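Peer 1: Quick one: this structure, given as structure tokens, is what I'll be asking you about.
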Amino acid sequence: MQSRRTFLTKAGLATAAGATTLAAPNIVRAQTPIKWRLQTYAGPALGEHVIKPAIDAFNKAANGEMVIELYFADQLVPTGELFRAMQNGTIDAVQSDDDSMAAPVDVRVFGGYFPFATRYSLDVQALFYKYGLAEIWSEAYGEVENVTWLSAGSWDPCNFNTKEPIRSLEDLKGKRVFTFPTAGKFLSRFGVVPVTLPWEDVEVAVQTGELDGIAWSGITEDYTVGWADVTKYFLTNNICGAWVGSFFANTERWNAVPPHLQELFKLTMDSSHYYRLHWYWAGEASLRVSGGKMELTTISDAEWATVEAEAEKFWDEIAATGDRPAKVVKILRDYREVMTKAGPPYRYG
């Protein structure tokens, strides 16, 4: 049995005289944390839901090794310049759709609201992670210098909220509407006049008459960001069941992040996607029923079918622009066929 002195010596606690002292501890000095600046497409009220909880959780879990500073719509750069700012390193990461930030890729038109591409929020995850869109997006952004596509998730549907009621396609004609680029291009076929404005200016533009309405979200966002206070009517028909948004990063900055923090950020993105799934899904239903601020209107199924038919032509036009867009359109059609054959609850009607 070893003596107490032998034990203390091995532990670094003995002196030559036999007195015991504590050895100097190893001092671990914290390295300078990695700092990122991430800008979202969303304004502050919306950002509180669509990204802030996830980024707050990341910063806590990163335990000082990495800190992400979150900026809302247009705070550092205008939304339309997000891609270039990320590419040149002005900002490190972005949460946006491809369309709004003018991504120079041929899949750009499918980000945001590609007309009738989705029916439900779960369609986005299914299309990306079971039907191959994730691989296509990775390929497309792999051809662009210094930008890495990281993950896609779903947001809310695209409905109209307007100052005057919309009960027929005729009512859409001449309406000045804030919307996304591709959605606006499609809606212009029905007389809608798409208007581009900074996100924070939209509410005032409705109040001053510069806008007649908005086709940018579902009813959850209308109430969350204040648009339900300036528009009286909500059209229950939507041109797309879920917005497609993604996370992107400057490639050099992403590669400089250690693997364990990359994995933590991937989990953070998944957490963000999951939060939106239930937040929007619950909100879209409950606010239609008990919101109280907006009157619901509907265009008849027979008349709305003409909009859906026009979307088929629009899909064909986009497919004709290149091999990769054609591949995406084929996936969308294959997916829709499977969902339709599966029947309720995957597709009704």
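Chain lettering (A, B, ...) mirrors the order of the structure tokens, residue numbering begins at 1 for each chain separately, and ligand numbering begins at 1 in order of display.
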Dump as a Markdown table the rows for residues of segment 105-200 of chain A within 9 Å of segment 305-321 of chain A: closest atom pair and distance in Å with one decimal, only C-alpha atoms counted, ordered by chain and rising residue number.
Peer 2:
| residue | atom | partner | partner_atom | distance |
| --- | --- | --- | --- | --- |
| A:Asp106 | CA | A:Thr321 | CA | 8.5 |
| A:Val109 | CA | A:Ile318 | CA | 8.3 |
| A:Phe114 | CA | A:Trp315 | CA | 8.9 |
| A:Pro115 | CA | A:Ala311 | CA | 6.2 |
| A:Phe116 | CA | A:Ala311 | CA | 7.0 |
| A:Leu169 | CA | A:Val307 | CA | 8.8 |
| A:Phe186 | CA | A:Phe314 | CA | 7.4 |
| A:Arg189 | CA | A:Glu310 | CA | 8.6 |
| A:Phe190 | CA | A:Val307 | CA | 8.4 |
Peer 1: Excluding Thr40 of chain A and residues on its chain fewer than 3 positions from it, collect all residues at most 8 Å away from it, counting only C-alpha atoms, and give them as a list of chain:residue names.
Peer 2: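 Surrounding residues, per the criterion: A:Gly43, A:Gly47, A:Ile51, A:Leu70, A:Tyr71, A:Phe72, A:Ala73, A:Val94, A:Gln95, A:Ser96.
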Peer 1: Fewer than 5 positions away in the same chain doesn't count, so skip those; otherwise give me all residues within 12 Å of Phe128 of chain A, counting only C-alpha atoms, as a list in words.
Peer 2: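 That gives Phe110, Gly111, Thr118, Leu122, Asp123, Leu133, Ala134, Glu135, Ile136, Trp137, Ser138, Leu150, Ser151, Ala152, Gly153, Ser154, Val244, Gly245, Ser246, Val328, Ile331, Leu332 and Tyr335 of chain A.
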Peer 1: Smallest atom-to-atom distance to Ala285 of chain A: which of A:Glu81, A:Phe178, A:Trp199, A:Gly218, using only C-alpha atoms?
Peer 2: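 Closest to Ala285 of chain A of all the choices is A:Gly218.
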Peer 1: Could you give me the residues within segment 164-193 of chain A that DSSP places in strand (DSSP E or B), as a PyMOL selection string?
Peer 2: chain A and resi 176-179+193
Peer 1: One decimal, in Å: what's the spacing between atom CA of Cys240 of chain A and atom CA of Met339 of chain A?
Peer 2: 15.5 Å
Peer 1: Which is closest to Ala140 of chain A among A:Gly213, A:Gly283, A:Pro104, A:Pro344, if we use only C-alpha atoms?
Peer 2: A:Pro104
Peer 1: Counting only C-alpha atoms, which of A:Arg119, A:Lys266, A:His273, A:Arg347 gets nearest to Phe58 of chain A?
Peer 2: A:Lys266
Peer 1: Please identify all polymer residues within 8 Å of Val50 of chain A, counting only C-alpha atoms, omitting same-chain residues fewer than 2 positions from it, and present them as a ChimeraX atom specification.
Peer 2: /A:42,46-48,52-53,272,275-276
